[in-house]
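Participant: You'll find protein.cif just under this line, and it carries mmCIF, C-alpha atoms.
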```cif
data_structure
#
loop_
_atom_site.label_atom_id
_atom_site.label_comp_id
_atom_site.auth_asym_id
_atom_site.auth_seq_id
_atom_site.Cartn_x
_atom_site.Cartn_y
_atom_site.Cartn_z
CA MET A 134 109.43 89.99 85.95
CA ALA A 135 110.82 90.78 89.36
CA VAL A 136 110.23 88.85 92.58
CA ILE A 137 109.03 90.36 95.85
CA GLU A 138 111.15 88.30 98.22
CA HIS A 139 110.10 89.71 101.58
CA VAL A 140 108.30 92.60 103.32
CA VAL A 141 109.17 93.92 106.77
CA THR A 142 107.16 96.54 108.65
CA GLU A 143 108.37 98.70 111.52
CA ASP A 144 105.81 100.44 113.71
CA ALA A 145 106.32 103.87 115.25
CA PRO A 146 107.03 103.78 119.02
CA TYR A 147 103.79 105.15 120.50
CA GLU A 148 100.53 103.22 120.18
CA VAL A 149 97.37 105.29 120.70
CA SER A 150 93.72 104.39 120.57
CA GLN A 151 91.21 106.42 118.59
CA GLU A 152 89.47 107.30 121.86
CA GLU A 153 92.68 108.82 123.25
CA THR A 154 93.12 110.87 120.09
CA VAL A 155 89.54 112.16 120.23
CA HIS A 156 90.09 113.29 123.83
CA ILE A 157 93.13 115.38 122.85
CA VAL A 158 91.47 116.82 119.74
CA ARG A 159 88.40 117.82 121.77
CA GLN A 160 90.67 119.71 124.17
CA LEU A 161 92.59 121.48 121.39
CA PHE A 162 89.75 122.29 118.99
CA GLY A 163 86.65 122.39 121.18
CA ASP A 164 86.67 126.18 121.59
CA HIS A 165 87.02 126.77 117.83
CA PHE A 166 84.08 124.70 116.54
CA ARG A 167 80.55 125.18 117.81
CA ASP A 168 79.65 121.77 116.40
CA ILE A 169 82.78 119.99 117.65
CA GLU A 170 80.90 116.86 118.77
CA ARG A 171 79.38 116.43 115.31
CA LEU A 172 82.76 116.93 113.66
CA LEU A 173 84.40 114.44 116.01
CA GLN A 174 82.15 111.74 114.56
CA VAL A 175 84.67 111.51 111.71
CA PHE A 176 86.96 109.75 114.22
CA GLU A 177 84.26 107.26 115.19
CA ASN A 178 83.09 106.64 111.62
CA GLY A 179 86.56 106.12 110.13
CA ARG A 180 86.87 102.47 111.18
CA ILE A 181 90.24 103.15 112.83
CA THR A 182 90.73 101.67 116.30
CA ARG A 183 94.41 102.39 116.95
CA ARG A 184 97.48 103.98 115.40
CA TYR A 185 101.20 104.32 115.98
CA LEU A 186 102.85 107.73 116.27
CA ALA A 187 106.43 109.03 116.37
CA ALA A 188 105.73 111.05 119.54
CA PRO A 189 103.36 110.73 122.51
CA LEU A 190 100.02 112.54 122.26
CA THR A 191 101.15 115.12 124.82
CA TRP A 192 103.87 116.23 122.37
CA PHE A 193 101.19 117.46 119.96
CA GLN A 194 99.57 119.69 122.57
CA GLU A 195 102.44 122.20 122.35
CA ASP A 196 103.30 124.55 119.48
CA ARG A 197 106.00 123.03 117.28
CA GLY A 198 107.76 124.76 114.41
CA LEU A 199 108.92 123.23 111.17
CA GLU A 200 112.51 122.89 112.43
CA GLU A 201 111.55 120.92 115.54
CA LYS A 202 109.14 118.68 113.62
CA ASN A 203 111.70 117.98 110.92
CA GLU A 204 114.44 117.16 113.41
CA LEU A 205 112.18 114.51 114.90
CA TYR A 206 111.30 113.29 111.39
CA ILE A 207 115.00 112.72 110.61
CA GLU A 208 115.77 111.09 113.97
CA GLU A 209 112.83 108.67 113.93
CA SER A 210 113.10 107.91 110.20
CA VAL A 211 116.73 106.86 110.58
CA ARG A 212 115.91 104.74 113.63
CA MET A 213 112.82 103.04 112.16
CA GLY A 214 114.28 102.71 108.67
CA GLY A 215 117.55 101.31 109.97
CA ARG A 216 115.72 98.65 111.97
CA ALA A 217 113.51 97.73 108.99
CA VAL A 218 116.44 97.38 106.56
CA GLU A 219 118.47 95.37 109.06
CA ARG A 220 115.58 93.02 109.78
CA CYS A 221 114.79 92.61 106.08
CA LEU A 222 118.36 91.56 105.33
CA THR A 223 118.60 89.29 108.38
CA GLU A 224 115.26 87.54 107.83
CA THR A 225 116.18 86.73 104.21
CA ASN A 226 119.84 85.86 104.90
CA THR A 227 120.83 88.57 102.42
CA ALA A 228 124.34 89.98 102.65
CA LYS A 229 124.73 93.76 102.62
CA GLU A 230 127.08 93.41 99.66
CA ASP A 231 124.29 91.84 97.57
CA ILE A 232 122.15 95.00 97.58
CA ASP A 233 122.53 96.97 94.35
CA ALA A 234 120.11 99.86 94.93
CA ILE A 235 117.78 101.46 97.48
CA PHE A 236 114.56 103.17 96.47
CA PHE A 237 113.74 105.49 99.37
CA VAL A 238 110.19 106.84 99.47
CA SER A 239 108.91 109.58 101.79
CA SER A 240 106.84 112.77 101.65
CA SER A 241 106.32 113.81 105.27
CA GLY A 242 109.68 115.42 106.04
CA MET A 243 112.84 116.78 104.45
CA ALA A 244 116.50 115.78 104.63
CA THR A 245 119.53 116.41 102.45
CA PRO A 246 121.37 114.07 102.27
CA THR A 247 118.27 111.90 102.26
CA ILE A 248 117.41 109.38 104.97
CA ASP A 249 118.74 106.44 102.95
CA ALA A 250 122.26 107.89 103.00
CA ARG A 251 122.13 108.23 106.79
CA ILE A 252 120.89 104.64 107.13
CA MET A 253 123.69 103.41 104.87
CA ASN A 254 126.19 105.04 107.20
CA GLN A 255 124.45 103.72 110.31
CA LEU A 256 124.38 100.12 109.07
CA GLY A 257 127.68 100.16 107.22
CA LEU A 258 126.11 99.33 103.86
CA PRO A 259 128.38 99.28 100.79
CA ALA A 260 129.32 102.73 99.52
CA HIS A 261 128.47 101.92 95.90
CA ILE A 262 124.78 101.14 96.45
CA LYS A 263 122.72 103.24 94.05
CA ARG A 264 120.41 105.62 95.90
CA ILE A 265 117.08 106.54 94.28
CA PRO A 266 115.14 108.82 96.66
CA LEU A 267 111.53 109.56 95.68
CA TRP A 268 109.75 112.50 97.35
CA GLY A 269 106.27 113.96 96.96
CA LEU A 270 104.40 110.82 95.89
CA GLY A 271 102.37 110.74 99.10
CA CYS A 272 99.98 107.81 99.49
CA ALA A 273 100.94 106.48 96.04
CA GLY A 274 104.57 106.14 97.10
CA GLY A 275 104.57 102.51 98.23
CA ALA A 276 103.12 101.25 94.97
CA ALA A 277 105.36 103.64 93.02
CA GLY A 278 108.45 102.35 94.81
CA VAL A 279 107.62 98.76 93.88
CA SER A 280 106.84 99.88 90.32
CA ARG A 281 110.15 101.73 89.87
CA ALA A 282 112.06 98.82 91.40
CA HIS A 283 110.33 96.51 88.88
CA ASP A 284 111.55 98.71 86.02
CA TYR A 285 115.08 98.78 87.47
CA LEU A 286 115.19 94.99 87.76
CA LEU A 287 114.11 94.60 84.13
CA ALA A 288 117.26 96.53 83.22
CA TYR A 289 119.45 94.79 85.83
CA PRO A 290 117.95 91.29 86.22
CA HIS A 291 120.75 90.00 88.45
CA ALA A 292 120.34 92.76 91.01
CA LYS A 293 118.70 92.86 94.43
CA VAL A 294 117.09 96.09 95.57
CA LEU A 295 115.38 97.48 98.65
CA VAL A 296 112.24 99.63 98.60
CA LEU A 297 112.11 101.59 101.85
CA CYS A 298 109.01 103.66 102.67
CA ILE A 299 108.95 105.86 105.77
CA GLU A 300 106.26 108.36 106.70
CA LEU A 301 105.70 110.30 109.90
CA CYS A 302 102.42 111.90 108.90
CA SER A 303 101.50 112.75 112.48
CA LEU A 304 104.26 115.37 112.51
CA THR A 305 102.30 117.38 109.97
CA PHE A 306 99.57 117.99 112.59
CA GLN A 307 98.88 121.71 112.91
CA LYS A 308 97.74 122.71 116.40
CA ASN A 309 96.56 126.13 115.25
CA ASP A 310 95.02 125.08 111.93
CA HIS A 311 91.27 124.94 112.52
CA SER A 312 90.36 123.83 109.02
CA LYS A 313 88.27 120.73 108.48
CA SER A 314 91.04 119.28 106.31
CA ASN A 315 93.37 119.34 109.31
CA LEU A 316 90.69 117.70 111.44
CA VAL A 317 90.12 114.95 108.86
CA GLY A 318 93.87 114.40 108.50
CA THR A 319 94.17 114.14 112.27
CA SER A 320 91.48 111.44 112.31
CA LEU A 321 93.38 109.36 109.70
CA PHE A 322 97.12 109.97 109.74
CA ALA A 323 99.64 107.72 111.44
CA ASP A 324 103.32 106.82 111.23
CA GLY A 325 105.03 103.69 109.93
CA CYS A 326 107.81 102.14 107.89
CA ALA A 327 108.05 99.24 105.46
CA CYS A 328 111.01 97.66 103.68
CA VAL A 329 110.69 95.36 100.66
CA LEU A 330 113.42 93.14 99.20
CA MET A 331 113.02 92.58 95.45
CA SER A 332 115.21 90.64 93.02
CA GLY A 333 115.43 90.01 89.30
CA ASN A 334 116.40 86.46 88.34
CA ALA A 335 115.72 84.93 91.73
CA GLU A 336 116.61 81.29 92.24
CA LYS A 337 113.62 78.97 92.39
CA GLN A 338 112.72 78.09 95.97
CA ASN A 339 110.05 75.97 97.62
CA GLU A 340 108.16 79.12 98.52
CA VAL A 341 105.31 80.85 96.72
CA ARG A 342 106.06 84.54 96.25
CA PRO A 343 104.54 87.35 94.19
CA ARG A 344 106.20 88.43 90.97
CA THR A 345 105.66 91.85 89.44
CA VAL A 346 104.49 91.29 85.87
CA ASP A 347 103.68 94.80 84.64
CA VAL A 348 103.06 98.31 85.96
CA GLN A 349 101.09 101.42 85.06
CA SER A 350 101.37 105.02 86.23
CA THR A 351 98.66 107.60 85.53
CA LEU A 352 98.50 111.33 86.21
CA MET A 353 95.19 113.17 86.13
CA PRO A 354 95.89 116.49 84.35
CA HIS A 355 95.52 119.71 86.34
CA SER A 356 94.51 118.03 89.58
CA GLU A 357 97.12 119.46 91.93
CA ASP A 358 94.48 120.76 94.34
CA VAL A 359 92.95 117.34 95.03
CA MET A 360 95.55 116.08 97.50
CA GLY A 361 98.95 117.10 98.85
CA TRP A 362 100.71 119.51 101.19
CA ASP A 363 100.78 123.28 101.46
CA VAL A 364 104.23 124.23 102.79
CA LYS A 365 104.00 127.07 105.33
CA ASP A 366 106.17 128.47 108.11
CA GLY A 367 104.65 126.03 110.61
CA GLY A 368 105.27 123.00 108.42
CA LEU A 369 103.22 120.87 106.06
CA HIS A 370 99.46 121.56 105.91
CA VAL A 371 97.31 118.80 104.46
CA VAL A 372 95.28 119.37 101.29
CA PHE A 373 92.22 117.09 101.03
CA SER A 374 89.49 117.63 98.47
CA ARG A 375 86.01 116.47 99.42
CA SER A 376 85.71 115.13 95.88
CA ILE A 377 88.29 112.35 96.34
CA PRO A 378 85.75 109.49 96.72
CA ALA A 379 83.79 110.75 93.69
CA ILE A 380 86.98 111.03 91.65
CA ILE A 381 87.90 107.45 92.54
CA GLU A 382 84.50 106.17 91.45
CA SER A 383 84.54 107.98 88.10
CA TRP A 384 88.25 107.97 87.23
CA LEU A 385 89.63 104.75 88.67
CA LYS A 386 87.47 102.21 86.83
CA PRO A 387 88.51 103.18 83.26
CA ASN A 388 92.09 103.46 84.49
CA VAL A 389 92.02 99.92 85.90
CA GLU A 390 90.21 98.61 82.82
CA GLN A 391 92.91 100.06 80.56
CA PHE A 392 95.64 98.34 82.59
CA LEU A 393 93.80 95.02 82.66
CA LYS A 394 93.13 95.17 78.91
CA GLN A 395 96.83 95.71 78.34
CA LEU A 396 97.47 92.55 80.37
CA GLY A 397 94.66 90.55 78.80
CA LYS A 398 92.93 90.34 82.19
CA LYS A 399 89.54 91.18 83.68
CA GLU A 400 88.36 92.28 87.13
CA GLN A 401 87.39 88.68 87.86
CA ASP A 402 91.05 87.68 87.54
CA ILE A 403 91.98 89.73 90.62
CA ASP A 404 92.31 87.18 93.42
CA HIS A 405 94.04 89.61 95.77
CA PHE A 406 93.29 93.34 95.86
CA VAL A 407 96.34 94.97 97.46
CA ALA A 408 95.03 98.52 97.88
CA HIS A 409 96.22 101.48 99.89
CA PRO A 410 93.40 102.19 102.37
CA GLY A 411 93.23 105.97 102.33
CA GLY A 412 90.13 105.88 104.53
CA LYS A 413 86.71 104.29 104.86
CA LYS A 414 85.21 106.34 102.03
CA VAL A 415 88.14 105.52 99.76
CA LEU A 416 87.65 101.79 100.30
CA GLN A 417 83.93 102.17 99.66
CA ALA A 418 84.75 104.04 96.44
CA TYR A 419 87.01 101.16 95.37
CA GLU A 420 84.17 98.71 96.00
CA GLN A 421 81.70 100.86 94.07
CA ALA A 422 84.01 101.56 91.13
CA LEU A 423 85.22 97.99 90.65
CA ALA A 424 82.10 96.12 91.85
CA PHE A 425 84.14 94.48 94.61
CA SER A 426 82.70 92.93 97.74
CA GLN A 427 83.83 93.98 101.20
CA GLU A 428 85.62 90.64 101.38
CA LYS A 429 87.92 91.76 98.55
CA THR A 430 88.90 94.93 100.43
CA ALA A 431 89.05 93.21 103.85
CA PRO A 432 92.89 93.11 104.10
CA SER A 433 93.06 96.86 103.43
CA GLN A 434 90.29 97.45 105.96
CA ARG A 435 92.14 95.47 108.64
CA ILE A 436 95.33 97.47 108.13
CA LEU A 437 93.37 100.75 108.22
CA SER A 438 91.69 99.70 111.47
CA SER A 439 94.94 98.73 113.22
CA TYR A 440 97.36 101.28 111.79
CA GLY A 441 95.46 104.20 110.22
CA ASN A 442 96.66 105.90 107.05
CA MET A 443 100.48 105.92 107.11
CA SER A 444 100.68 107.22 103.54
CA SER A 445 103.26 105.38 101.40
CA PRO A 446 104.06 102.34 103.63
CA THR A 447 100.40 101.43 104.16
CA VAL A 448 99.92 99.45 100.94
CA LEU A 449 103.04 97.45 101.82
CA TYR A 450 101.50 96.56 105.20
CA VAL A 451 98.54 95.21 103.18
CA LEU A 452 100.90 93.33 100.86
CA LYS A 453 102.68 91.76 103.84
CA GLU A 454 99.40 90.54 105.34
CA ILE A 455 98.29 89.02 102.03
CA MET A 456 101.66 87.35 101.45
CA GLU A 457 101.52 85.83 104.95
CA SER A 458 97.98 84.53 104.32
CA GLY A 459 99.48 81.92 101.98
CA PRO A 460 98.37 82.60 98.39
CA GLU A 461 98.71 79.57 96.14
CA SER A 462 100.82 79.37 93.02
CA GLY A 463 98.91 80.76 90.06
CA GLU A 464 96.91 83.29 92.04
CA GLN A 465 96.97 86.90 90.83
CA GLY A 466 96.57 90.35 92.33
CA LEU A 467 96.46 94.07 91.72
CA LEU A 468 98.60 96.31 93.92
CA THR A 469 97.35 99.89 93.71
CA ALA A 470 97.54 103.25 95.44
CA LEU A 471 96.36 106.78 94.73
CA GLY A 472 98.26 109.93 95.58
CA PRO A 473 98.89 113.61 94.92
CA GLY A 474 98.88 114.75 91.37
CA PHE A 475 96.08 113.35 91.38
CA SER A 476 97.78 110.09 90.42
CA SER A 477 97.49 106.32 90.34
CA GLU A 478 100.11 103.58 90.57
CA MET A 479 99.31 99.96 89.73
CA VAL A 480 101.35 96.75 89.74
CA TRP A 481 100.08 93.38 88.48
CA LEU A 482 101.21 90.48 90.69
CA GLU A 483 101.32 86.73 90.00
CA TRP A 484 102.23 84.21 92.66
CA GLY A 485 104.60 81.34 91.90
CA GLU A 486 107.70 79.50 93.09
#
```
Using structure tokens, write down the structure that the file contains.
Facilitator:
Amino acid sequence: MAVIEHVVTEDAPYEVSQEETVHIVRQLFGDHFRDIERLLQVFENGRITRRYLAAPLTWFQEDRGLEEKNELYIEESVRMGGRAVERCLTETNTAKEDIDAIFFVSSSGMATPTIDARIMNQLGLPAHIKRIPLWGLGCAGGAAGVSRAHDYLLAYPHAKVLVLCIELCSLTFQKNDHSKSNLVGTSLFADGCACVLMSGNAEKQNEVRPRTVDVQSTLMPHSEDVMGWDVKDGGLHVVFSRSIPAIIESWLKPNVEQFLKQLGKKEQDIDHFVAHPGGKKVLQAYEQALAFSQEKTAPSQRILSSYGNMSSPTVLYVLKEIMESGPESGEQGLLTALGPGFSSEMVWLEWGE
């Protein structure tokens, strides 16, 4: 087992309401869709009230090339990620020298060396920290980062590691892409950052924290066209299949059942459902597939409403809220997220001191 010691979130600098976003989208796309008002209902129906972005809304009204978008991705990722790592260490009284590895997760921009190396330099972290950057996992990245850190801590039980997820999905907005996928992405996507401190043989404290008991990764064969990015001269173009909710309903249940059977658990044993909220229809598909009530998905719904879909960090925002709600020792949970591939990442959690 590994222990999730602490979760820190770092919001992007510009808060925008869904109404403000609709106003800008109507201006940009109104001349290209005869039924623009009908299409804009996706913003109203998505249960999102506000989001945080890396740039003000006016920035998105101008044409931006891949180079300009990526420069902003690097600048803001280093700033937000640096603040999150620093806060995570400070709030847990963890010395920089105690960190053995950093799992850096992102899919919305490119940098070589990766963002984690730049943050190490910025914060003066030890030069021998092991860097494990993970790219291309999309919305599954937060759960995957925790899963890979769990595996690492099984091999190195005396280590402490950071899982750092940063996504600036808003920078993938395509002003001249009049596809419905771009419109749907614009109604959902937001920016955010989360940093998790995990340890192996953590000392017992008078604090109830989740432990990662087991993990499962699943790839749906030949499903590359379900979700992801198309890389073009103007940047990253979102790929969204309309079949995603149906896939979740039909594919997720046997996948979850297989994992629970491996653990000797049942759906009724899930006290806390820590799910990445990809959107309203995704949460409804979770409820349908697993026979969950809206109460079970309420934490994910609250994060979706207040932050939108930030891709990989979003599930960690949900985890933070649940951890702060005060689960009791002995309670259990399933942390899960779906991403490109089409893929699933699951982590079984048990709370204890």
Participant: Run the PyMOL selection byres ((chain A and resi 241-248) around 7) on the file and write out the hits as a short mmCIF file (atom, residue, chain, number, x, y, z; two decimals) with C-alpha atoms, in the frame of the given file.
Facilitator:
```cif
data_model
loop_
_atom_site.label_atom_id
_atom_site.label_comp_id
_atom_site.auth_asym_id
_atom_site.auth_seq_id
_atom_site.Cartn_x
_atom_site.Cartn_y
_atom_site.Cartn_z
CA ASN A 203 111.70 117.98 110.92
CA TYR A 206 111.30 113.29 111.39
CA ILE A 207 115.00 112.72 110.61
CA SER A 210 113.10 107.91 110.20
CA VAL A 211 116.73 106.86 110.58
CA SER A 239 108.91 109.58 101.79
CA SER A 240 106.84 112.77 101.65
CA ASP A 249 118.74 106.44 102.95
CA ALA A 250 122.26 107.89 103.00
CA ARG A 251 122.13 108.23 106.79
CA ILE A 252 120.89 104.64 107.13
CA GLU A 300 106.26 108.36 106.70
CA LEU A 301 105.70 110.30 109.90
CA CYS A 302 102.42 111.90 108.90
#
```
Participant: Selected by the PyMOL selection byres ((chain A and resi 465-469) around 7) in the shown coordinates: which residues, as a VMD selection string?
Facilitator: chain A and resid 276 402 to 409 463 to 464 470 478 to 484
Participant: Could you tell me which of A:Leu199, A:His283, A:Tyr450, A:Glu204 comes closest to Val364 (chain A) if we count all atoms listed in the file?
Facilitator: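 Among the listed residues, the smallest separation from Val364 (chain A) belongs to A:Leu199.
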Participant: Would you please work out which residue, of A:Gly269, A:Gly411, A:Gly333, A:Gly325, is nearest to Glu143 (chain A) when using all atoms listed in the file?
Facilitator: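 Comparing A:Gly269, A:Gly411, A:Gly333, A:Gly325 against Glu143 (chain A), the winner is A:Gly325.
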Participant: Show me, as a ChimeraX atom specification, the residues that have an atom within 8 Å of Pro378 (chain A) when counting all atoms listed in the file, minus same-chain residues fewer than 4 positions from it.
Facilitator: /A:382,414-415,418
Participant: Could you tell me how far CA of Gln427 (chain A) sits from CA of Val389 (chain A), in Å to one decimal place?
Facilitator: 18.3 Å
Participant: Find the distance between CA of Tyr440 (chain A) and CA of Arg183 (chain A) and write it in Å to one decimal.
Facilitator: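 About the pair CA of Tyr440 (chain A) and CA of Arg183 (chain A): they are 6.0 Å apart.
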